[in-house]
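Note: the block below is upload30.json and it holds JSON, C-alpha atoms.
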[["chain", "number", "residue", "atom", "x", "y", "z"],
["A", 14, "MET", "CA", -3.38, 10.18, -32.18],
["A", 15, "ASN", "CA", -5.53, 9.44, -29.13],
["A", 16, "HIS", "CA", -2.88, 9.02, -26.43],
["A", 17, "VAL", "CA", -4.38, 8.32, -23.01],
["A", 18, "LEU", "CA", -2.26, 8.97, -19.93],
["A", 19, "VAL", "CA", -3.38, 6.86, -16.96],
["A", 20, "VAL", "CA", -2.30, 7.65, -13.40],
["A", 21, "ALA", "CA", -3.04, 4.99, -10.79],
["A", 22, "ASN", "CA", -1.37, 3.05, -8.02],
["A", 23, "GLU", "CA", -3.18, 0.23, -6.19],
["A", 24, "THR", "CA", -6.29, 0.60, -8.36],
["A", 25, "VAL", "CA", -4.32, 0.17, -11.57],
["A", 26, "THR", "CA", -5.41, -3.48, -11.90],
["A", 27, "GLY", "CA", -9.10, -2.75, -11.29],
["A", 28, "PRO", "CA", -11.43, -3.99, -14.06],
["A", 29, "THR", "CA", -13.40, -0.73, -13.86],
["A", 30, "LEU", "CA", -10.31, 1.27, -14.79],
["A", 31, "ILE", "CA", -9.21, -1.09, -17.53],
["A", 32, "GLU", "CA", -12.68, -1.09, -19.12],
["A", 33, "ALA", "CA", -12.88, 2.71, -18.89],
["A", 34, "VAL", "CA", -9.58, 2.98, -20.75],
["A", 35, "LYS", "CA", -10.71, 0.50, -23.42],
["A", 36, "ASP", "CA", -13.91, 2.50, -23.96],
["A", 37, "LYS", "CA", -11.81, 5.49, -25.02],
["A", 38, "HIS", "CA", -10.50, 3.50, -28.02],
["A", 39, "PRO", "CA", -6.97, 4.77, -27.54],
["A", 40, "ASP", "CA", -4.21, 4.47, -30.09],
["A", 41, "LEU", "CA", -1.69, 4.42, -27.24],
["A", 42, "VAL", "CA", -1.86, 4.21, -23.44],
["A", 43, "THR", "CA", 0.86, 5.31, -21.03],
["A", 44, "VAL", "CA", 0.35, 4.17, -17.43],
["A", 45, "LEU", "CA", 2.08, 5.95, -14.55],
["A", 46, "ALA", "CA", 2.19, 4.10, -11.23],
["A", 47, "PRO", "CA", 3.41, 6.45, -8.50],
["A", 48, "ILE", "CA", 4.87, 4.68, -5.48],
["A", 49, "SER", "CA", 2.99, 5.11, -2.21],
["A", 50, "HIS", "CA", 5.10, 7.16, 0.17],
["A", 51, "PRO", "CA", 3.94, 7.13, 3.80],
["A", 52, "HIS", "CA", 3.99, 10.44, 5.59],
["A", 53, "THR", "CA", 5.42, 8.83, 8.70],
["A", 54, "GLY", "CA", 7.96, 6.12, 9.37],
["A", 55, "TYR", "CA", 11.50, 6.21, 10.68],
["A", 56, "VAL", "CA", 12.68, 3.57, 8.19],
["A", 57, "VAL", "CA", 10.68, 2.74, 5.05],
["A", 58, "TYR", "CA", 11.71, -0.04, 2.68],
["A", 59, "GLU", "CA", 11.04, 1.71, -0.63],
["A", 60, "ASP", "CA", 12.45, -1.18, -2.68],
["A", 61, "THR", "CA", 9.58, -3.42, -1.60],
["A", 62, "ARG", "CA", 7.01, -0.73, -2.44],
["A", 63, "ARG", "CA", 8.56, -0.20, -5.87],
["A", 64, "ALA", "CA", 8.48, -3.94, -6.56],
["A", 65, "ALA", "CA", 4.80, -4.13, -5.62],
["A", 66, "ALA", "CA", 3.93, -1.18, -7.87],
["A", 67, "GLY", "CA", 5.87, -2.80, -10.71],
["A", 68, "ARG", "CA", 3.94, -6.06, -10.44],
["A", 69, "ARG", "CA", 0.62, -4.23, -10.52],
["A", 70, "LEU", "CA", 1.71, -2.19, -13.51],
["A", 71, "GLU", "CA", 2.76, -5.25, -15.50],
["A", 72, "ARG", "CA", -0.61, -6.93, -14.91],
["A", 73, "THR", "CA", -2.39, -3.85, -16.24],
["A", 74, "LEU", "CA", -0.18, -3.53, -19.29],
["A", 75, "ASP", "CA", -0.75, -7.21, -20.08],
["A", 76, "ALA", "CA", -4.54, -6.72, -19.89],
["A", 77, "LEU", "CA", -4.44, -3.70, -22.21],
["A", 78, "ARG", "CA", -2.17, -5.42, -24.69],
["A", 79, "GLU", "CA", -4.40, -8.50, -24.70],
["A", 80, "ALA", "CA", -7.21, -6.14, -25.76],
["A", 81, "GLY", "CA", -5.07, -5.01, -28.69],
["A", 82, "ILE", "CA", -4.16, -1.62, -27.16],
["A", 83, "PRO", "CA", -0.52, -0.54, -27.42],
["A", 84, "ALA", "CA", 0.50, 0.25, -23.86],
["A", 85, "HIS", "CA", 3.60, 0.98, -21.86],
["A", 86, "GLY", "CA", 4.19, 2.35, -18.40],
["A", 87, "LEU", "CA", 6.50, 3.50, -15.66],
["A", 88, "VAL", "CA", 6.77, 3.17, -11.91],
["A", 89, "VAL", "CA", 7.54, 6.71, -10.75],
["A", 90, "GLU", "CA", 8.79, 8.20, -7.50],
["A", 91, "ALA", "CA", 7.07, 11.53, -8.07],
["A", 92, "ASP", "CA", 3.84, 12.87, -6.63],
["A", 93, "PRO", "CA", 0.96, 12.12, -9.08],
["A", 94, "ALA", "CA", 0.55, 15.77, -10.11],
["A", 95, "ASP", "CA", 4.30, 16.20, -10.65],
["A", 96, "ALA", "CA", 4.37, 12.94, -12.65],
["A", 97, "VAL", "CA", 1.62, 14.25, -14.92],
["A", 98, "ARG", "CA", 3.41, 17.55, -15.44],
["A", 99, "ASP", "CA", 6.67, 15.78, -16.30],
["A", 100, "SER", "CA", 4.93, 13.33, -18.64],
["A", 101, "ILE", "CA", 3.20, 16.07, -20.62],
["A", 102, "ALA", "CA", 6.58, 17.74, -21.10],
["A", 103, "MET", "CA", 8.50, 14.61, -22.04],
["A", 104, "LEU", "CA", 6.20, 12.10, -23.76],
["A", 105, "GLU", "CA", 5.98, 11.80, -27.52],
["A", 106, "PRO", "CA", 3.39, 11.74, -28.92],
["A", 107, "LYS", "CA", 1.85, 14.16, -26.42],
["A", 108, "PRO", "CA", -1.04, 12.85, -24.27],
["A", 109, "THR", "CA", -4.48, 13.95, -25.44],
["A", 110, "GLN", "CA", -6.39, 13.08, -22.27],
["A", 111, "ILE", "CA", -5.72, 11.96, -18.72],
["A", 112, "VAL", "CA", -7.41, 9.35, -16.53],
["A", 113, "VAL", "CA", -6.75, 9.32, -12.78],
["A", 114, "SER", "CA", -7.92, 6.33, -10.77],
["A", 115, "THR", "CA", -8.43, 6.28, -7.00],
["A", 116, "HIS", "CA", -10.05, 4.24, -4.29],
["A", 117, "PRO", "CA", -13.43, 5.44, -2.99],
["A", 118, "GLU", "CA", -13.25, 8.57, -0.89],
["A", 119, "GLU", "CA", -13.23, 6.80, 2.47],
["A", 120, "LYS", "CA", -10.21, 4.71, 1.43],
["A", 121, "SER", "CA", -8.24, 7.12, -0.73],
["A", 122, "GLY", "CA", -5.14, 8.93, 0.51],
["A", 123, "TRP", "CA", -4.96, 10.66, -2.89],
["A", 124, "LEU", "CA", -8.40, 12.20, -2.44],
["A", 125, "ARG", "CA", -7.53, 13.33, 1.07],
["A", 126, "ARG", "CA", -4.50, 15.08, -0.44],
["A", 127, "LYS", "CA", -6.57, 16.73, -3.22],
["A", 128, "VAL", "CA", -4.63, 14.89, -5.93],
["A", 129, "ILE", "CA", -7.40, 15.19, -8.54],
["A", 130, "ASP", "CA", -7.49, 18.99, -8.25],
["A", 131, "ARG", "CA", -3.70, 19.17, -8.44],
["A", 132, "VAL", "CA", -3.58, 16.89, -11.49],
["A", 133, "ARG", "CA", -6.12, 19.16, -13.24],
["A", 134, "ASP", "CA", -3.89, 22.13, -12.45],
["A", 135, "ALA", "CA", -0.91, 20.27, -13.92],
["A", 136, "ALA", "CA", -2.77, 19.02, -17.00],
["A", 137, "GLN", "CA", -2.31, 22.20, -19.05],
["A", 138, "GLY", "CA", -5.87, 22.19, -20.28],
["A", 139, "LEU", "CA", -6.07, 18.49, -21.17],
["A", 140, "PRO", "CA", -9.31, 16.77, -20.15],
["A", 141, "VAL", "CA", -8.97, 14.85, -16.86],
["A", 142, "GLU", "CA", -11.36, 12.05, -15.91],
["A", 143, "HIS", "CA", -11.52, 10.66, -12.39],
["A", 144, "ILE", "CA", -12.36, 6.94, -12.13],
["A", 145, "VAL", "CA", -13.27, 5.45, -8.75],
["A", 146, "VAL", "CA", -12.28, 1.80, -8.34],
["A", 147, "ASP", "CA", -13.61, -0.16, -5.38],
["A", 148, "LEU", "CA", -11.26, -3.14, -5.29],
["A", 149, "LYS", "CA", -13.24, -4.77, -2.49],
["A", 150, "LYS", "CA", -16.33, -5.00, -4.70],
["A", 151, "GLU", "CA", -14.27, -5.99, -7.73],
["A", 152, "GLY", "CA", -12.55, -8.84, -5.91],
["A", 153, "GLY", "CA", -9.18, -7.15, -6.03],
["A", 154, "GLU", "CA", -6.20, -7.55, -3.77],
["A", 155, "ALA", "CA", -6.78, -6.75, -0.10],
["A", 156, "ASN", "CA", -4.34, -4.61, 1.86],
["A", 157, "VAL", "CA", -3.58, -6.15, 5.24],
["A", 158, "LEU", "CA", -1.86, -4.07, 7.91],
["A", 159, "VAL", "CA", 0.33, -6.08, 10.29],
["A", 160, "ILE", "CA", 1.48, -4.52, 13.59],
["A", 161, "ALA", "CA", 4.29, -6.38, 15.32],
["A", 162, "ASN", "CA", 7.61, -5.67, 16.97],
["A", 163, "GLU", "CA", 9.59, -8.42, 18.67],
["A", 164, "THR", "CA", 7.10, -11.06, 17.50],
["A", 165, "VAL", "CA", 7.38, -10.14, 13.80],
["A", 166, "VAL", "CA", 9.56, -13.17, 13.01],
["A", 167, "GLY", "CA", 7.60, -15.53, 15.28],
["A", 168, "ASP", "CA", 6.10, -18.60, 13.65],
["A", 169, "PRO", "CA", 2.49, -17.85, 14.68],
["A", 170, "LEU", "CA", 2.46, -14.52, 12.83],
["A", 171, "LEU", "CA", 4.31, -15.78, 9.75],
["A", 172, "GLU", "CA", 1.98, -18.75, 9.52],
["A", 173, "ARG", "CA", -1.08, -16.52, 9.87],
["A", 174, "ILE", "CA", 0.18, -14.30, 7.03],
["A", 175, "ARG", "CA", 0.73, -17.39, 4.87],
["A", 176, "GLU", "CA", -2.81, -18.58, 5.59],
["A", 177, "ARG", "CA", -4.27, -15.18, 4.72],
["A", 178, "ALA", "CA", -2.26, -14.97, 1.51],
["A", 179, "ALA", "CA", -3.46, -18.42, 0.47],
["A", 180, "ARG", "CA", -7.13, -17.56, 1.05],
["A", 181, "SER", "CA", -7.40, -14.70, -1.47],
["A", 182, "PRO", "CA", -5.15, -12.10, -3.11],
["A", 183, "ALA", "CA", -3.58, -9.84, -0.49],
["A", 184, "SER", "CA", -0.59, -7.62, 0.12],
["A", 185, "PHE", "CA", 0.83, -7.01, 3.59],
["A", 186, "LEU", "CA", 2.14, -3.79, 5.09],
["A", 187, "ILE", "CA", 4.17, -4.76, 8.17],
["A", 188, "ILE", "CA", 4.81, -1.99, 10.67],
["A", 189, "CYS", "CA", 7.27, -2.42, 13.52],
["A", 190, "PRO", "CA", 6.83, 0.30, 16.16],
["A", 191, "GLN", "CA", 10.22, 1.40, 17.41],
["A", 192, "SER", "CA", 10.62, 0.75, 21.13],
["A", 193, "ASP", "CA", 13.00, 3.64, 21.82],
["A", 194, "PRO", "CA", 11.98, 6.91, 20.11],
["A", 195, "ALA", "CA", 15.06, 8.71, 21.49],
["A", 196, "GLN", "CA", 17.37, 6.69, 19.23],
["A", 197, "ALA", "CA", 18.22, 7.84, 15.70],
["A", 198, "GLU", "CA", 18.85, 4.29, 14.54],
["A", 199, "HIS", "CA", 16.78, 1.18, 15.10],
["A", 200, "PRO", "CA", 19.02, -1.79, 14.24],
["A", 201, "GLU", "CA", 17.12, -4.50, 16.11],
["A", 202, "ALA", "CA", 13.72, -3.51, 14.74],
["A", 203, "GLU", "CA", 15.20, -3.22, 11.25],
["A", 204, "ARG", "CA", 16.88, -6.61, 11.51],
["A", 205, "ARG", "CA", 13.67, -8.33, 12.55],
["A", 206, "LEU", "CA", 11.59, -6.60, 9.92],
["A", 207, "ARG", "CA", 14.05, -7.28, 7.12],
["A", 208, "ARG", "CA", 14.12, -10.96, 8.09],
["A", 209, "ALA", "CA", 10.32, -11.21, 8.10],
["A", 210, "LEU", "CA", 10.09, -9.48, 4.72],
["A", 211, "ALA", "CA", 12.79, -11.73, 3.27],
["A", 212, "ILE", "CA", 11.01, -14.89, 4.45],
["A", 213, "LEU", "CA", 7.62, -13.84, 3.09],
["A", 214, "ARG", "CA", 8.84, -12.43, -0.21],
["A", 215, "ALA", "CA", 10.91, -15.57, -0.85],
["A", 216, "GLU", "CA", 7.60, -17.46, -0.69],
["A", 217, "GLY", "CA", 5.99, -15.15, -3.24],
["A", 218, "ILE", "CA", 3.99, -13.14, -0.70],
["A", 219, "ASP", "CA", 3.66, -9.43, -1.48],
["A", 220, "ALA", "CA", 4.95, -7.75, 1.67],
["A", 221, "HIS", "CA", 6.54, -4.40, 2.45],
["A", 222, "GLY", "CA", 7.27, -2.67, 5.69],
["A", 223, "GLN", "CA", 8.54, 0.15, 7.81],
["A", 224, "VAL", "CA", 9.83, 0.94, 11.27],
["A", 225, "SER", "CA", 7.44, 3.52, 12.62],
["A", 226, "HIS", "CA", 6.07, 5.46, 15.59],
["A", 227, "PRO", "CA", 6.85, 3.83, 18.96],
["A", 228, "ASP", "CA", 3.20, 3.78, 20.01],
["A", 229, "PRO", "CA", 1.52, 0.89, 18.12],
["A", 230, "TYR", "CA", -1.91, 2.54, 18.16],
["A", 231, "THR", "CA", -0.52, 5.76, 16.64],
["A", 232, "ALA", "CA", 1.56, 3.84, 14.11],
["A", 233, "ALA", "CA", -1.46, 1.81, 13.00],
["A", 234, "MET", "CA", -3.82, 4.77, 12.75],
["A", 235, "GLN", "CA", -1.25, 6.75, 10.76],
["A", 236, "ALA", "CA", -1.08, 3.87, 8.27],
["A", 237, "VAL", "CA", -4.89, 3.69, 8.06],
["A", 238, "HIS", "CA", -4.94, 7.41, 7.27],
["A", 239, "ASP", "CA", -2.13, 7.24, 4.69],
["A", 240, "GLU", "CA", -3.12, 4.11, 2.81],
["A", 241, "ARG", "CA", -6.01, 1.85, 1.90],
["A", 242, "ILE", "CA", -6.22, -0.73, 4.68],
["A", 243, "ASP", "CA", -8.84, -3.50, 4.61],
["A", 244, "GLU", "CA", -7.80, -5.70, 7.53],
["A", 245, "VAL", "CA", -5.48, -5.53, 10.52],
["A", 246, "ILE", "CA", -3.41, -8.23, 12.22],
["A", 247, "VAL", "CA", -1.85, -7.44, 15.59],
["A", 248, "SER", "CA", 0.88, -9.73, 16.89],
["A", 249, "THR", "CA", 1.86, -9.72, 20.56],
["A", 250, "PHE", "CA", 3.32, -11.86, 23.28],
["A", 251, "ALA", "CA", 0.91, -13.51, 25.71],
["A", 252, "PRO", "CA", -1.20, -11.06, 27.77],
["A", 253, "GLU", "CA", 0.96, -11.32, 30.88],
["A", 254, "ARG", "CA", 4.02, -10.23, 28.86],
["A", 255, "SER", "CA", 2.48, -7.69, 26.49],
["A", 256, "PRO", "CA", 2.34, -3.96, 27.33],
["A", 257, "TRP", "CA", 0.28, -3.48, 24.16],
["A", 258, "LEU", "CA", -2.51, -5.66, 25.51],
["A", 259, "LYS", "CA", -2.42, -3.87, 28.85],
["A", 260, "LYS", "CA", -3.35, -0.74, 26.87],
["A", 261, "ASN", "CA", -6.22, -2.56, 25.15],
["A", 262, "LEU", "CA", -4.62, -2.10, 21.73],
["A", 263, "VAL", "CA", -6.67, -4.64, 19.79],
["A", 264, "GLN", "CA", -10.07, -3.31, 20.87],
["A", 265, "ARG", "CA", -9.03, 0.32, 20.41],
["A", 266, "LEU", "CA", -7.88, -0.34, 16.84],
["A", 267, "HIS", "CA", -11.10, -2.18, 16.05],
["A", 268, "ASN", "CA", -13.24, 0.61, 17.49],
["A", 269, "ASP", "CA", -11.41, 3.52, 15.89],
["A", 270, "SER", "CA", -10.38, 2.11, 12.52],
["A", 271, "LYS", "CA", -13.76, 0.39, 11.91],
["A", 272, "LEU", "CA", -11.78, -2.48, 10.39],
["A", 273, "PRO", "CA", -11.62, -6.18, 11.23],
["A", 274, "VAL", "CA", -8.71, -6.72, 13.63],
["A", 275, "GLU", "CA", -7.22, -10.14, 14.31],
["A", 276, "HIS", "CA", -4.94, -10.87, 17.25],
["A", 277, "VAL", "CA", -2.09, -13.39, 16.96],
["A", 278, "VAL", "CA", -0.31, -14.45, 20.16],
["A", 279, "LEU", "CA", 3.24, -15.73, 20.47],
["A", 280, "GLU", "CA", 3.11, -17.82, 23.63],
["A", 281, "GLU", "CA", 6.83, -18.44, 23.97],
["A", 282, "ALA", "CA", 9.32, -15.75, 24.85],
["A", 283, "ALA", "CA", 11.88, -16.73, 22.24],
["A", 284, "VAL", "CA", 11.66, -15.54, 18.64],
["A", 285, "ARG", "CA", 13.95, -16.41, 15.79]]
Representation of the structure as structure tokens:
Amino acid sequence: MNHVLVVANETVTGPTLIEAVKDKHPDLVTVLAPISHPHTGYVVYEDTRRAAAGRRLERTLDALREAGIPAHGLVVEADPADAVRDSIAMLEPKPTQIVVSTHPEEKSGWLRRKVIDRVRDAAQGLPVEHIVVDLKKEGGEANVLVIANETVVGDPLLERIRERAARSPASFLIICPQSDPAQAEHPEAERRLRRALAILRAEGIDAHGQVSHPDPYTAAMQAVHDERIDEVIVSTFAPERSPWLKKNLVQRLHNDSKLPVEHVVLEEAAVR
């Protein structure tokens, strides 16, 4: 039996990957979707990341099944190489080949972490094919990084996220820099972020988030390094109230990330 094991996260829905799998004429496909785990972040809402991975996986399984290919899959917590090693040991029938899908090199955290080499080491001699999926060229879902703290539940930012979500498929990673790094807990930042995520997800918008490094520039650049980011939205109070703007945050992020950066201003002091 030709049993193809596919390992992919955000690129799992890419047409290039799905067509590559079809071309192998498999008798069975097992898709593993490892959850993205950021290297930094004081509080990370893993439940929202798991839900996002699950939705992507289901779309891929539906596409394979529509092509007449028996397919099933799992969202896994493990590192991709560990997931492959565990799958080879546990799956029946045993996989006969492995396909690993990543973003292009400049966007791929997996490639920066040498995941392909580690999967080959874990594959126990099975052939491993690396498929590069450029979701931007394929019209896939954009990843939008949102940087906000006290303004995260302000109407201007929430409305801007709604407008972006309506324009084309997008998911949103919302990072709230913690204002006091000396504290072990961050209840106010967590409360605001949870409320923003609840509002957006109730409207069907794919959003996840984390409380992160107190410096917004550092928090943003860490996210850009860890994950595929296509666009950035920075939310602040008006210039006279915003320490972030006094440090020229928006221009610095644009210059150093090489990404489009949009600035949303909450004019009023009060937030919900």
Is there a way to get, as a PDB file with C-alpha atoms, keeping the file's coordinate frame, all residues within 9 Å of the point (-5.9, 6.9, 0.8) in file coordinates, counting all atoms listed in the file?
ATOM      1  CA  THR A 115      -8.430   6.280  -7.000  1.00  0.00           C
ATOM      2  CA  HIS A 116     -10.050   4.240  -4.290  1.00  0.00           C
ATOM      3  CA  PRO A 117     -13.430   5.440  -2.990  1.00  0.00           C
ATOM      4  CA  GLU A 118     -13.250   8.570  -0.890  1.00  0.00           C
ATOM      5  CA  GLU A 119     -13.230   6.800   2.470  1.00  0.00           C
ATOM      6  CA  LYS A 120     -10.210   4.710   1.430  1.00  0.00           C
ATOM      7  CA  SER A 121      -8.240   7.120  -0.730  1.00  0.00           C
ATOM      8  CA  GLY A 122      -5.140   8.930   0.510  1.00  0.00           C
ATOM      9  CA  TRP A 123      -4.960  10.660  -2.890  1.00  0.00           C
ATOM     10  CA  LEU A 124      -8.400  12.200  -2.440  1.00  0.00           C
ATOM     11  CA  ARG A 125      -7.530  13.330   1.070  1.00  0.00           C
ATOM     12  CA  ARG A 126      -4.500  15.080  -0.440  1.00  0.00           C
ATOM     13  CA  VAL A 237      -4.890   3.690   8.060  1.00  0.00           C
ATOM     14  CA  HIS A 238      -4.940   7.410   7.270  1.00  0.00           C
ATOM     15  CA  ASP A 239      -2.130   7.240   4.690  1.00  0.00           C
ATOM     16  CA  GLU A 240      -3.120   4.110   2.810  1.00  0.00           C
ATOM     17  CA  ARG A 241      -6.010   1.850   1.900  1.00  0.00           C
ATOM     18  CA  ILE A 242      -6.220  -0.730   4.680  1.00  0.00           C
TER      19      ILE A 242
END
Which residues of range 153-272 of chain A have any atom within 12 Å of an atom in range 66-78 of chain A when counting all atoms listed in the file, and what is the closest pair of atoms for each, with the distance in Å to one decimal? Order the rows by chain and rising number and write it as JSON lines.
{"residue": "A:Gly153", "atom": "CA", "partner": "A:Arg69", "partner_atom": "CA", "distance": 11.2}
{"residue": "A:Glu154", "atom": "CA", "partner": "A:Arg69", "partner_atom": "CA", "distance": 10.2}
{"residue": "A:Ser184", "atom": "CA", "partner": "A:Ala66", "partner_atom": "CA", "distance": 11.2}
{"residue": "A:Gly217", "atom": "CA", "partner": "A:Arg68", "partner_atom": "CA", "distance": 11.8}
{"residue": "A:Asp219", "atom": "CA", "partner": "A:Arg68", "partner_atom": "CA", "distance": 9.6}
{"residue": "A:Ala220", "atom": "CA", "partner": "A:Ala66", "partner_atom": "CA", "distance": 11.6}
{"residue": "A:His221", "atom": "CA", "partner": "A:Ala66", "partner_atom": "CA", "distance": 11.1}
**Prompt:** When distances are computed from all atoms listed in the file, which of A:Asp269, A:Glu203, A:Glu151, A:Glu32 shows the smallest separation from Tyr230 in chain A?
**Reply:**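 Using all atoms listed in the file, the shortest distance to Tyr230 in chain A belongs to A:Asp269.
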**Request:** Please provide as a PyMOL selection string all residues within 10 Å of range 38-44 of chain A, with the sequence filter that same-chain residues fewer than 2 positions apart are discarded (counting all atoms listed in the file).
**Result:** chain A and resi 14-22+25+33-36+46-47+70-71+73-74+77-78+81-88+100+104+106+108-113
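Atom pair CA of Ser181 in chain A / CA of Leu158 in chain A has a distance of 15.2 Å (rounded to one decimal).
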**Item:** Best match for closeness to Ala135 in chain A among A:Pro190, A:Gly152, A:Pro169, A:Pro93, counting only C-alpha atoms
**Value:** A:Pro93
**Message:** Applying 6 Å and only C-alpha atoms, which residues near Ala183 in chain A remain after dropping the ones on its own chain fewer than 5 positions away? List them as a list in words.
**Reply:**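 Once the adjacent positions are removed, what remains is Glu154, Ala155, Asn156 and Ala178 of chain A.
Considering only C-alpha atoms, the residue among A:Ala136, A:Gly27, A:Ile48, A:Glu142 positioned nearest to Lys107 in chain A is A:Ala136.
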Please, could all heavy atoms be added to range 91-98 of chain A and the result written as a compact mmCIF listing (two decimals), in the coordinates of the input?
# COMPACT_ATOMS: atom_id res chain seq x y z
N ALA A 91 7.63 10.20 -8.25
CA ALA A 91 7.07 11.53 -8.07
C ALA A 91 5.64 11.51 -7.55
O ALA A 91 4.92 10.52 -7.68
CB ALA A 91 7.12 12.29 -9.40
N ASP A 92 5.24 12.61 -6.96
CA ASP A 92 3.84 12.87 -6.63
C ASP A 92 3.02 12.78 -7.92
O ASP A 92 3.51 13.13 -9.01
CB ASP A 92 3.76 14.28 -6.04
CG ASP A 92 2.34 14.76 -5.91
OD1 ASP A 92 1.71 14.48 -4.88
OD2 ASP A 92 1.84 15.43 -6.85
N PRO A 93 1.75 12.29 -7.86
CA PRO A 93 0.96 12.12 -9.08
C PRO A 93 0.88 13.38 -9.94
O PRO A 93 1.00 13.31 -11.17
CB PRO A 93 -0.41 11.71 -8.55
CG PRO A 93 -0.13 11.03 -7.26
CD PRO A 93 1.04 11.76 -6.67
N ALA A 94 0.66 14.54 -9.33
CA ALA A 94 0.55 15.77 -10.11
C ALA A 94 1.88 16.11 -10.78
O ALA A 94 1.92 16.51 -11.96
CB ALA A 94 0.08 16.92 -9.23
N ASP A 95 2.98 15.94 -10.06
CA ASP A 95 4.30 16.20 -10.65
C ASP A 95 4.58 15.21 -11.78
O ASP A 95 5.18 15.58 -12.81
CB ASP A 95 5.39 16.10 -9.59
CG ASP A 95 5.32 17.22 -8.57
OD1 ASP A 95 4.75 18.28 -8.89
OD2 ASP A 95 5.83 17.03 -7.45
N ALA A 96 4.16 13.95 -11.60
CA ALA A 96 4.37 12.94 -12.65
C ALA A 96 3.61 13.30 -13.91
O ALA A 96 4.12 13.13 -15.03
CB ALA A 96 3.93 11.57 -12.13
N VAL A 97 2.40 13.82 -13.76
CA VAL A 97 1.62 14.25 -14.92
C VAL A 97 2.31 15.42 -15.62
O VAL A 97 2.45 15.44 -16.86
CB VAL A 97 0.19 14.63 -14.49
CG1 VAL A 97 -0.54 15.39 -15.60
CG2 VAL A 97 -0.60 13.38 -14.13
N ARG A 98 2.74 16.39 -14.86
CA ARG A 98 3.41 17.55 -15.44
C ARG A 98 4.66 17.13 -16.21
O ARG A 98 4.90 17.59 -17.35
CB ARG A 98 3.77 18.53 -14.33
CG ARG A 98 4.31 19.87 -14.81
CD ARG A 98 4.59 20.81 -13.65
NE ARG A 98 3.36 21.21 -12.97
CZ ARG A 98 2.97 20.77 -11.78
NH1 ARG A 98 3.71 19.88 -11.12
NH2 ARG A 98 1.85 21.19 -11.23
